[in-house]
$ cat structure_16.txt   # compact mmCIF, C-alpha atoms and all ligand atoms
# COMPACT_ATOMS: atom_id res chain seq x y z
CA MET A 2 -138.10 219.99 30.04
CA SER A 3 -135.63 222.16 28.17
CA ARG A 4 -138.41 224.17 26.47
CA ARG A 5 -139.85 225.32 29.76
CA GLU A 6 -138.90 228.62 31.25
CA LYS A 7 -136.48 228.26 34.14
CA ILE A 8 -137.45 230.58 36.99
CA TYR A 9 -134.77 229.73 39.52
CA GLU A 10 -132.02 227.21 40.12
CA GLY A 11 -131.02 226.39 43.68
CA LYS A 12 -128.52 223.94 45.08
CA ALA A 13 -130.79 220.90 45.04
CA LYS A 14 -133.79 221.96 42.96
CA ILE A 15 -134.82 223.86 39.83
CA LEU A 16 -138.09 225.76 39.41
CA TYR A 17 -139.76 226.06 36.00
CA LYS A 18 -142.91 227.88 34.97
CA GLY A 19 -145.93 225.57 35.32
CA SER A 20 -148.53 224.91 32.63
CA LYS A 21 -151.20 226.99 34.39
CA PRO A 22 -150.75 230.54 35.71
CA GLY A 23 -149.77 230.60 39.36
CA THR A 24 -148.07 227.19 39.20
CA LEU A 25 -144.45 226.08 39.05
CA VAL A 26 -142.70 222.79 38.39
CA GLN A 27 -140.21 221.86 41.09
CA TYR A 28 -137.44 219.56 39.76
CA PHE A 29 -135.32 217.61 42.26
CA LYS A 30 -131.65 217.31 41.28
CA ASP A 31 -129.20 214.65 42.46
CA ASP A 32 -126.81 217.37 43.64
CA ALA A 33 -125.89 217.38 47.30
CA THR A 34 -124.22 220.35 48.92
CA ALA A 35 -123.15 221.19 52.45
CA PHE A 36 -121.54 224.12 54.24
CA ASN A 37 -123.10 226.61 51.83
CA ALA A 38 -122.02 224.57 48.83
CA LYS A 39 -118.34 224.43 49.84
CA LYS A 40 -118.81 220.65 49.68
CA LYS A 41 -120.55 219.20 46.63
CA ALA A 42 -121.37 215.83 45.10
CA VAL A 43 -123.83 214.24 42.73
CA LEU A 44 -125.56 211.29 44.41
CA ASN A 45 -127.46 209.22 41.88
CA GLY A 46 -131.06 208.72 42.89
CA LYS A 47 -131.22 211.35 45.64
CA GLY A 48 -133.54 213.64 43.64
CA VAL A 49 -136.00 210.84 42.89
CA LEU A 50 -136.10 209.82 46.55
CA ASN A 51 -136.56 213.39 47.82
CA ASN A 52 -139.33 214.03 45.30
CA ARG A 53 -141.23 210.97 46.57
CA ILE A 54 -140.53 211.57 50.27
CA SER A 55 -141.45 215.25 50.09
CA GLU A 56 -144.64 214.42 48.16
CA HIS A 57 -145.62 211.86 50.82
CA ILE A 58 -145.01 214.28 53.69
CA MET A 59 -146.70 217.29 52.04
CA LEU A 60 -149.80 215.19 51.20
CA MET A 61 -149.93 213.82 54.73
CA LEU A 62 -149.62 217.31 56.23
CA GLY A 63 -152.25 218.63 53.81
CA LYS A 64 -154.69 215.96 54.95
CA VAL A 65 -154.46 217.17 58.53
CA GLY A 66 -154.95 220.81 57.60
CA ILE A 67 -151.48 222.24 57.03
CA PRO A 68 -151.65 224.51 53.96
CA THR A 69 -148.89 223.54 51.53
CA HIS A 70 -147.73 224.54 48.05
CA PHE A 71 -147.92 220.95 46.80
CA ILE A 72 -150.40 220.20 43.99
CA GLU A 73 -149.32 216.88 42.46
CA ARG A 74 -146.29 214.82 41.53
CA LEU A 75 -145.71 214.91 37.79
CA ASN A 76 -143.03 212.26 37.39
CA MET A 77 -140.02 210.76 39.16
CA ARG A 78 -138.24 214.08 39.60
CA GLU A 79 -140.89 216.75 39.32
CA GLN A 80 -143.88 218.05 41.18
CA LEU A 81 -146.39 220.75 40.37
CA ILE A 82 -146.60 223.40 43.08
CA LYS A 83 -148.40 226.66 43.73
CA GLU A 84 -146.26 229.71 43.02
CA VAL A 85 -145.42 231.56 46.22
CA GLU A 86 -143.30 234.47 47.27
CA ILE A 87 -140.78 232.78 49.52
CA ILE A 88 -140.42 234.46 52.91
CA PRO A 89 -136.64 234.84 53.27
CA LEU A 90 -136.43 232.83 56.48
CA GLU A 91 -135.37 229.26 57.18
CA VAL A 92 -137.46 228.03 60.10
CA ILE A 93 -135.64 225.37 62.10
CA CYS A 94 -137.31 223.25 64.76
CA ARG A 95 -135.18 221.16 67.11
CA ASN A 96 -136.21 218.37 69.47
CA VAL A 97 -132.78 216.90 70.22
CA ALA A 98 -129.43 218.71 70.24
CA ALA A 99 -127.52 218.10 67.00
CA GLY A 100 -125.62 220.14 64.45
CA SER A 101 -125.01 223.84 64.88
CA ILE A 102 -126.80 224.22 68.23
CA CYS A 103 -124.20 221.99 69.93
CA PRO A 104 -121.08 224.16 69.61
CA MET A 105 -123.18 227.32 69.94
CA TYR A 106 -124.53 226.45 73.41
CA GLY A 107 -122.05 223.76 74.52
CA LEU A 108 -124.57 220.92 74.21
CA GLU A 109 -123.81 217.25 73.77
CA GLU A 110 -125.18 215.83 70.52
CA GLY A 111 -128.13 213.52 71.16
CA LYS A 112 -129.36 215.28 74.30
CA ARG A 113 -133.14 215.80 74.24
CA LEU A 114 -133.93 219.51 74.56
CA PRO A 115 -136.13 220.66 77.47
CA ARG A 116 -138.74 221.65 74.87
CA SER A 117 -138.88 222.01 71.11
CA ILE A 118 -136.91 225.07 70.03
CA ILE A 119 -137.69 227.17 66.98
CA GLU A 120 -134.98 229.22 65.31
CA PHE A 121 -135.09 231.57 62.34
CA CYS A 122 -132.23 232.02 59.91
CA TYR A 123 -132.14 234.82 57.35
CA LYS A 124 -132.14 233.06 53.98
CA LYS A 125 -129.17 234.65 52.26
CA ASP A 126 -126.40 232.43 50.91
CA ALA A 127 -123.97 235.34 50.57
CA LEU A 128 -124.17 235.76 54.36
CA ASN A 129 -124.25 232.02 55.17
CA ASP A 130 -127.93 232.10 56.29
CA PRO A 131 -127.23 233.72 59.69
CA LEU A 132 -129.30 232.89 62.75
CA THR A 133 -131.61 235.85 63.35
CA THR A 134 -134.17 237.19 65.82
CA GLU A 135 -137.70 238.59 65.79
CA GLU A 136 -136.22 242.09 66.26
CA HIS A 137 -134.15 241.81 63.08
CA ILE A 138 -136.95 240.15 61.12
CA LEU A 139 -139.43 242.91 61.97
CA ALA A 140 -136.92 245.75 61.65
CA PHE A 141 -135.71 244.62 58.24
CA GLY A 142 -139.25 243.73 57.10
CA TRP A 143 -138.48 240.10 56.19
CA ALA A 144 -141.85 239.07 57.69
CA THR A 145 -144.62 240.73 59.66
CA SER A 146 -145.45 239.95 63.25
CA ALA A 147 -148.62 238.12 62.16
CA GLU A 148 -146.62 236.05 59.66
CA LEU A 149 -144.06 235.16 62.33
CA ASP A 150 -146.83 234.05 64.70
CA GLU A 151 -148.40 231.96 61.98
CA MET A 152 -145.11 230.37 60.89
CA THR A 153 -144.30 229.55 64.51
CA ALA A 154 -147.71 227.96 65.15
CA LEU A 155 -147.58 225.99 61.89
CA THR A 156 -144.02 224.81 62.60
CA LEU A 157 -144.99 223.50 66.04
CA ARG A 158 -147.96 221.66 64.56
CA ILE A 159 -145.83 220.24 61.75
CA ASN A 160 -143.29 219.10 64.36
CA ASP A 161 -145.97 217.27 66.35
CA ILE A 162 -147.35 215.57 63.25
CA LEU A 163 -143.95 214.61 61.85
CA CYS A 164 -142.65 213.35 65.20
CA GLY A 165 -145.65 211.01 65.37
CA MET A 166 -145.34 209.93 61.76
CA PHE A 167 -141.64 209.12 62.09
CA ALA A 168 -142.01 207.49 65.53
CA GLY A 169 -144.44 205.07 63.89
CA ILE A 170 -141.70 203.84 61.58
CA GLY A 171 -138.92 203.67 64.17
CA ILE A 172 -137.32 207.03 63.41
CA ASP A 173 -136.64 209.94 65.78
CA LEU A 174 -137.14 213.41 64.28
CA ILE A 175 -134.15 215.24 65.71
CA ASP A 176 -134.66 218.56 63.88
CA PHE A 177 -135.78 219.97 60.56
CA LYS A 178 -135.78 223.12 58.44
CA ILE A 179 -138.80 224.42 56.55
CA GLU A 180 -139.67 227.43 54.44
CA PHE A 181 -142.92 229.28 53.93
CA GLY A 182 -144.30 231.38 51.09
CA ARG A 183 -146.97 234.02 50.56
CA HIS A 184 -149.77 233.06 48.20
CA THR A 185 -153.03 234.61 47.05
CA ASP A 186 -155.69 231.90 46.90
CA GLU A 187 -158.63 231.54 44.50
CA ASN A 188 -160.80 233.79 46.75
CA GLY A 189 -158.18 236.53 46.66
CA ASP A 190 -157.17 235.84 50.26
CA HIS A 191 -153.52 236.15 51.25
CA VAL A 192 -152.32 232.94 52.88
CA ILE A 193 -149.06 231.44 54.06
CA LEU A 194 -148.17 228.05 52.62
CA LEU A 195 -145.55 225.52 53.61
CA ALA A 196 -143.19 225.57 50.61
CA ASP A 197 -139.87 224.11 49.40
CA GLU A 198 -139.46 220.46 50.50
CA ILE A 199 -139.40 218.22 53.54
CA SER A 200 -136.95 215.38 52.99
CA PRO A 201 -133.89 213.82 54.59
CA ASP A 202 -131.94 216.73 53.04
CA SER A 203 -133.73 219.12 55.38
CA CYS A 204 -134.36 216.94 58.47
CA ARG A 205 -132.19 215.02 60.90
CA LEU A 206 -133.62 211.51 61.17
CA TRP A 207 -132.10 208.93 63.50
CA ASP A 208 -133.08 205.28 63.78
CA SER A 209 -134.92 205.05 67.11
CA GLN A 210 -133.09 201.92 68.23
CA THR A 211 -129.55 202.41 66.95
CA ALA A 212 -129.41 206.23 66.51
CA GLU A 213 -128.04 205.56 63.03
CA LYS A 214 -128.25 208.69 60.89
CA LEU A 215 -130.71 208.42 57.98
CA ASP A 216 -130.30 211.97 56.64
CA LYS A 217 -127.92 214.38 54.92
CA ASP A 218 -125.47 214.26 57.82
CA ARG A 219 -124.25 211.08 56.07
CA PHE A 220 -122.92 213.40 53.37
CA ARG A 221 -121.99 216.35 55.60
CA ARG A 222 -119.94 214.08 57.87
CA ASP A 223 -118.54 211.72 55.20
CA LEU A 224 -120.34 208.68 56.62
CA GLY A 225 -121.26 207.31 53.18
CA GLY A 226 -124.47 205.48 52.32
CA LEU A 227 -126.69 208.51 51.82
CA VAL A 228 -128.80 207.01 49.04
CA ASP A 229 -129.22 203.76 51.00
CA ALA A 230 -130.31 205.76 54.05
CA TYR A 231 -132.88 207.80 52.06
CA THR A 232 -134.11 204.55 50.47
CA GLU A 233 -134.55 203.15 53.98
CA VAL A 234 -136.63 206.18 54.99
CA ALA A 235 -138.76 205.89 51.82
CA THR A 236 -139.25 202.16 52.36
CA ARG A 237 -140.31 202.60 55.99
CA LEU A 238 -142.74 205.35 54.92
CA GLY A 239 -144.29 202.78 52.56
CA ILE A 240 -143.33 204.73 49.44
CA LEU A 241 -140.98 202.07 48.08
CA LYS A 242 -141.71 198.36 48.19
CA GLN A 243 -139.26 196.27 50.18
CA ASN A 244 -137.20 194.11 47.86
CA PRO A 245 -137.27 190.64 49.46
CA LYS A 246 -133.88 189.85 47.89
CA ALA A 247 -132.23 192.97 49.22
CA PRO A 248 -129.82 192.58 52.13
CA PRO A 249 -131.12 193.80 55.50
CA LYS A 250 -131.29 197.57 55.22
CA LEU A 251 -129.56 198.56 58.39
CA SER A 252 -126.48 196.59 57.50
CA VAL A 253 -126.42 198.44 54.18
CA VAL A 254 -126.67 201.78 55.96
CA SER A 255 -123.32 201.37 57.59
CA ASN A 256 -121.34 203.75 59.71
CA ASP A 257 -118.20 202.55 58.00
CA PRO A 258 -117.10 205.41 55.76
CA ASN A 259 -115.37 202.95 53.43
CA SER A 260 -118.40 200.79 52.88
CA ASN A 261 -120.33 203.05 50.52
CA LYS A 262 -119.53 204.05 47.01
CA ASP A 263 -122.25 206.61 46.39
CA GLU A 264 -120.35 209.59 47.70
P1 LIG B 1 -128.00 222.96 61.68
O1 LIG B 1 -127.91 222.14 62.92
O2 LIG B 1 -126.85 222.76 60.75
O3 LIG B 1 -128.29 224.40 61.97
O4 LIG B 1 -129.27 222.40 60.87
C1 LIG B 1 -130.55 222.34 61.46
C2 LIG B 1 -131.51 221.64 60.53
O5 LIG B 1 -131.69 222.36 59.34
C3 LIG B 1 -131.05 220.25 60.06
O6 LIG B 1 -132.17 219.39 60.01
C4 LIG B 1 -130.51 220.46 58.70
C5 LIG B 1 -131.34 221.60 58.19
N1 LIG B 1 -130.61 222.48 57.29
C6 LIG B 1 -131.06 222.68 56.01
O7 LIG B 1 -132.06 222.09 55.60
N2 LIG B 1 -130.37 223.54 55.20
C7 LIG B 1 -129.28 224.21 55.62
O8 LIG B 1 -128.69 224.97 54.84
C8 LIG B 1 -128.83 224.01 56.96
C9 LIG B 1 -127.60 224.74 57.46
C10 LIG B 1 -129.52 223.15 57.75

$ encode --input "structure_16.txt" --output "structure tokens" --more "lines below"
Ligand code: TMP
Amino acid sequence: MSRREKIYEGKAKILYKGSKPGTLVQYFKDDATAFNAKKKAVLNGKGVLNNRISEHIMLMLGKVGIPTHFIERLNMREQLIKEVEIIPLEVICRNVAAGSICPMYGLEEGKRLPRSIIEFCYKKDALNDPLTTEEHILAFGWATSAELDEMTALTLRINDILCGMFAGIGIDLIDFKIEFGRHTDENGDHVILLADEISPDSCRLWDSQTAEKLDKDRFRRDLGGLVDAYTEVATRLGILKQNPKAPPKLSVVSNDPNSNKDE
């Protein structure tokens, strides 16, 4: 690993040059950050879980025709991906009010939105990734109108597919954030690919019956049990085998902030 050329290090992942031109290796760290890295921790096992969960979701989306950067998982923490030029926008899709939309519009957390809402944030840590609009995006040239249309259409399709996938395992997809990248394919065509990751770091996932949080809000809100919650998501997705000797999962994923030692 150390001999490879590091291209970029973000808060939760590192990118290295891949073995073939046009590829990168995406390494998932155990680091968790929130509030633009004002809050930080190392949560053992998070990177392994996110690598597996993101692989599962990217493969599933690929099978139903969503173009993604994912090529193959290399090992427990790394996946080979297509190199893209990241479009500097975080695309957020919300089905239920939670997080930043609540104080912004005076909404009660947990209220289903009248329809799925797509938001764009300008991806710029120094500015705290501000919410932005089509006007700003086009004026500042962060994406073209055609790219915005395509990202919006892909995001709505991804939302439909993921809502169905998670509903099947007793999880409500409350909201999620995705990123897209520009890529030139083998025919020389310019395409937009789903990039980055889709994992409980970048989604809000609530148990359908109990509304228990199975995502990074466990860390953001000091609820504890983040790794247990991600393990629960991975197990329900069929990625990890259920350990018959393990205690019932939902009692492990407790709301009691004192009951977990992983944060
Ligand atoms: P928000 O409610 O804090 O705006 O977050 C909306 C969704 O985006 C939620 O699923 C968490 C995800 N998200 C990220 O993946 N990265 C971020 O930096 C932020 C702020 C949110």

$ closest_residue --input "structure_16.txt" --among "A:Leu50, A:Cys94, A:Leu108, A:Leu75" --to "Thr156 of chain A" --atoms "all atoms listed in the file"
A:Cys94

$ closest_atom_pairs --input "structure_16.txt" --of "chain A" --to "ligand LIG 1 (chain B)" --cutoff "10 Å" --atoms "only C-alpha atoms and all ligand atoms" --output "JSON lines"
{"residue": "A:Lys12", "atom": "CA", "partner": "B:LIG1", "partner_atom": "O8", "distance": 9.8}
{"residue": "A:Thr34", "atom": "CA", "partner": "B:LIG1", "partner_atom": "O8", "distance": 8.7}
{"residue": "A:Ala35", "atom": "CA", "partner": "B:LIG1", "partner_atom": "O8", "distance": 7.1}
{"residue": "A:Phe36", "atom": "CA", "partner": "B:LIG1", "partner_atom": "C9", "distance": 6.9}
{"residue": "A:Asn37", "atom": "CA", "partner": "B:LIG1", "partner_atom": "O8", "distance": 6.6}
{"residue": "A:Ala38", "atom": "CA", "partner": "B:LIG1", "partner_atom": "O8", "distance": 9.0}
{"residue": "A:Glu91", "atom": "CA", "partner": "B:LIG1", "partner_atom": "N2", "distance": 7.9}
{"residue": "A:Val92", "atom": "CA", "partner": "B:LIG1", "partner_atom": "O5", "distance": 8.1}
{"residue": "A:Ile93", "atom": "CA", "partner": "B:LIG1", "partner_atom": "O5", "distance": 5.7}
{"residue": "A:Cys94", "atom": "CA", "partner": "B:LIG1", "partner_atom": "C2", "distance": 7.4}
{"residue": "A:Arg95", "atom": "CA", "partner": "B:LIG1", "partner_atom": "C1", "distance": 7.4}
{"residue": "A:Ala98", "atom": "CA", "partner": "B:LIG1", "partner_atom": "O1", "distance": 8.2}
{"residue": "A:Ala99", "atom": "CA", "partner": "B:LIG1", "partner_atom": "O1", "distance": 5.8}
{"residue": "A:Gly100", "atom": "CA", "partner": "B:LIG1", "partner_atom": "O1", "distance": 3.4}
{"residue": "A:Ser101", "atom": "CA", "partner": "B:LIG1", "partner_atom": "O1", "distance": 3.9}
{"residue": "A:Ile102", "atom": "CA", "partner": "B:LIG1", "partner_atom": "O1", "distance": 5.8}
{"residue": "A:Cys103", "atom": "CA", "partner": "B:LIG1", "partner_atom": "O1", "distance": 7.9}
{"residue": "A:Pro104", "atom": "CA", "partner": "B:LIG1", "partner_atom": "O1", "distance": 9.8}
{"residue": "A:Met105", "atom": "CA", "partner": "B:LIG1", "partner_atom": "O3", "distance": 9.9}
{"residue": "A:Glu120", "atom": "CA", "partner": "B:LIG1", "partner_atom": "O3", "distance": 8.9}
{"residue": "A:Phe121", "atom": "CA", "partner": "B:LIG1", "partner_atom": "O3", "distance": 9.9}
{"residue": "A:Cys122", "atom": "CA", "partner": "B:LIG1", "partner_atom": "O3", "distance": 8.8}
{"residue": "A:Lys124", "atom": "CA", "partner": "B:LIG1", "partner_atom": "O8", "distance": 8.8}
{"residue": "A:Asp126", "atom": "CA", "partner": "B:LIG1", "partner_atom": "O8", "distance": 8.7}
{"residue": "A:Asn129", "atom": "CA", "partner": "B:LIG1", "partner_atom": "C9", "distance": 8.3}
{"residue": "A:Asp130", "atom": "CA", "partner": "B:LIG1", "partner_atom": "O8", "distance": 7.3}
{"residue": "A:Pro131", "atom": "CA", "partner": "B:LIG1", "partner_atom": "C9", "distance": 9.3}
{"residue": "A:Leu132", "atom": "CA", "partner": "B:LIG1", "partner_atom": "O3", "distance": 8.6}
{"residue": "A:Leu174", "atom": "CA", "partner": "B:LIG1", "partner_atom": "O6", "distance": 8.9}
{"residue": "A:Ile175", "atom": "CA", "partner": "B:LIG1", "partner_atom": "O6", "distance": 7.3}
{"residue": "A:Asp176", "atom": "CA", "partner": "B:LIG1", "partner_atom": "O6", "distance": 4.7}
{"residue": "A:Phe177", "atom": "CA", "partner": "B:LIG1", "partner_atom": "O6", "distance": 3.7}
{"residue": "A:Lys178", "atom": "CA", "partner": "B:LIG1", "partner_atom": "O5", "distance": 4.3}
{"residue": "A:Ile179", "atom": "CA", "partner": "B:LIG1", "partner_atom": "O7", "distance": 7.2}
{"residue": "A:Glu180", "atom": "CA", "partner": "B:LIG1", "partner_atom": "O7", "distance": 9.4}
{"residue": "A:Glu198", "atom": "CA", "partner": "B:LIG1", "partner_atom": "O7", "distance": 9.1}
{"residue": "A:Ile199", "atom": "CA", "partner": "B:LIG1", "partner_atom": "O7", "distance": 8.5}
{"residue": "A:Ser200", "atom": "CA", "partner": "B:LIG1", "partner_atom": "O7", "distance": 8.7}
{"residue": "A:Pro201", "atom": "CA", "partner": "B:LIG1", "partner_atom": "O6", "distance": 8.0}
{"residue": "A:Asp202", "atom": "CA", "partner": "B:LIG1", "partner_atom": "O7", "distance": 5.9}
{"residue": "A:Ser203", "atom": "CA", "partner": "B:LIG1", "partner_atom": "O7", "distance": 3.4}
{"residue": "A:Cys204", "atom": "CA", "partner": "B:LIG1", "partner_atom": "O6", "distance": 3.6}
{"residue": "A:Arg205", "atom": "CA", "partner": "B:LIG1", "partner_atom": "O6", "distance": 4.5}
{"residue": "A:Leu206", "atom": "CA", "partner": "B:LIG1", "partner_atom": "O6", "distance": 8.1}
{"residue": "A:Asp216", "atom": "CA", "partner": "B:LIG1", "partner_atom": "O6", "distance": 8.4}
{"residue": "A:Lys217", "atom": "CA", "partner": "B:LIG1", "partner_atom": "C4", "distance": 7.6}
{"residue": "A:Asp218", "atom": "CA", "partner": "B:LIG1", "partner_atom": "C4", "distance": 8.0}
{"residue": "A:Arg221", "atom": "CA", "partner": "B:LIG1", "partner_atom": "O2", "distance": 9.6}

$ write_last_selection --input "structure_16.txt" --atoms "C-alpha atoms" --output "short mmCIF file (atom, residue, chain, number, x, y, z; two decimals), keeping the file's coordinate frame"
data_model
loop_
_atom_site.label_atom_id
_atom_site.label_comp_id
_atom_site.auth_asym_id
_atom_site.auth_seq_id
_atom_site.Cartn_x
_atom_site.Cartn_y
_atom_site.Cartn_z
CA LYS A 12 -128.52 223.94 45.08
CA THR A 34 -124.22 220.35 48.92
CA ALA A 35 -123.15 221.19 52.45
CA PHE A 36 -121.54 224.12 54.24
CA ASN A 37 -123.10 226.61 51.83
CA ALA A 38 -122.02 224.57 48.83
CA GLU A 91 -135.37 229.26 57.18
CA VAL A 92 -137.46 228.03 60.10
CA ILE A 93 -135.64 225.37 62.10
CA CYS A 94 -137.31 223.25 64.76
CA ARG A 95 -135.18 221.16 67.11
CA ALA A 98 -129.43 218.71 70.24
CA ALA A 99 -127.52 218.10 67.00
CA GLY A 100 -125.62 220.14 64.45
CA SER A 101 -125.01 223.84 64.88
CA ILE A 102 -126.80 224.22 68.23
CA CYS A 103 -124.20 221.99 69.93
CA PRO A 104 -121.08 224.16 69.61
CA MET A 105 -123.18 227.32 69.94
CA GLU A 120 -134.98 229.22 65.31
CA PHE A 121 -135.09 231.57 62.34
CA CYS A 122 -132.23 232.02 59.91
CA LYS A 124 -132.14 233.06 53.98
CA ASP A 126 -126.40 232.43 50.91
CA ASN A 129 -124.25 232.02 55.17
CA ASP A 130 -127.93 232.10 56.29
CA PRO A 131 -127.23 233.72 59.69
CA LEU A 132 -129.30 232.89 62.75
CA LEU A 174 -137.14 213.41 64.28
CA ILE A 175 -134.15 215.24 65.71
CA ASP A 176 -134.66 218.56 63.88
CA PHE A 177 -135.78 219.97 60.56
CA LYS A 178 -135.78 223.12 58.44
CA ILE A 179 -138.80 224.42 56.55
CA GLU A 180 -139.67 227.43 54.44
CA GLU A 198 -139.46 220.46 50.50
CA ILE A 199 -139.40 218.22 53.54
CA SER A 200 -136.95 215.38 52.99
CA PRO A 201 -133.89 213.82 54.59
CA ASP A 202 -131.94 216.73 53.04
CA SER A 203 -133.73 219.12 55.38
CA CYS A 204 -134.36 216.94 58.47
CA ARG A 205 -132.19 215.02 60.90
CA LEU A 206 -133.62 211.51 61.17
CA ASP A 216 -130.30 211.97 56.64
CA LYS A 217 -127.92 214.38 54.92
CA ASP A 218 -125.47 214.26 57.82
CA ARG A 221 -121.99 216.35 55.60
#

$ atom_distance --input "structure_16.txt" --atom1 "atom CA of Arg237 of chain A" --atom2 "atom CA of Asn52 of chain A"
15.7 Å

$ closest_residue --input "structure_16.txt" --among "A:Met77, A:Ile170, A:Leu44, A:Ile8" --to "Gly226 of chain A" --atoms "all atoms listed in the file"
A:Leu44

$ atom_distance --input "structure_16.txt" --atom1 "atom CA of Val85 of chain A" --atom2 "atom CA of Met166 of chain A"
26.6 Å

$ closest_residue --input "structure_16.txt" --among "A:Gly142, A:Arg53, A:Ala127, A:Asn96" --to "Leu114 of chain A" --atoms "all atoms listed in the file"
A:Asn96

$ closest_residue --input "structure_16.txt" --among "A:Ser209, A:Thr145, A:Thr232, A:Asn188" --to "Asn51 of chain A" --atoms "only C-alpha atoms"
A:Thr232

$ residues_around --input "structure_16.txt" --residues "Leu139 of chain A" --least-positions-apart "4" --cutoff "12 Å" --atoms "all atoms listed in the file" --output "PyMOL selection string"
chain A and resi 90+123+133-135+143-150

$ closest_residue --input "structure_16.txt" --among "A:Ala196, A:Ile118, A:Ala13, A:Leu60" --to "Pro89 of chain A" --atoms "all atoms listed in the file"
A:Ala196

$ residues_around --input "structure_16.txt" --residues "His191 of chain A" --least-positions-apart "3" --cutoff "12 Å" --atoms "only C-alpha atoms" --output "list in words"
Val85, Glu86, Glu148, Gly182, Arg183, His184, Thr185, Asp186, Glu187, Asn188 and Leu194 of chain A

$ atom_distance --input "structure_16.txt" --atom1 "atom CA of Ile67 of chain A" --atom2 "atom CA of Gln27 of chain A"
19.5 Å

$ closest_residue --input "structure_16.txt" --among "A:Leu157, A:Gly239, A:Lys47, A:Arg219" --to "Gly169 of chain A" --atoms "all atoms listed in the file"
A:Gly239
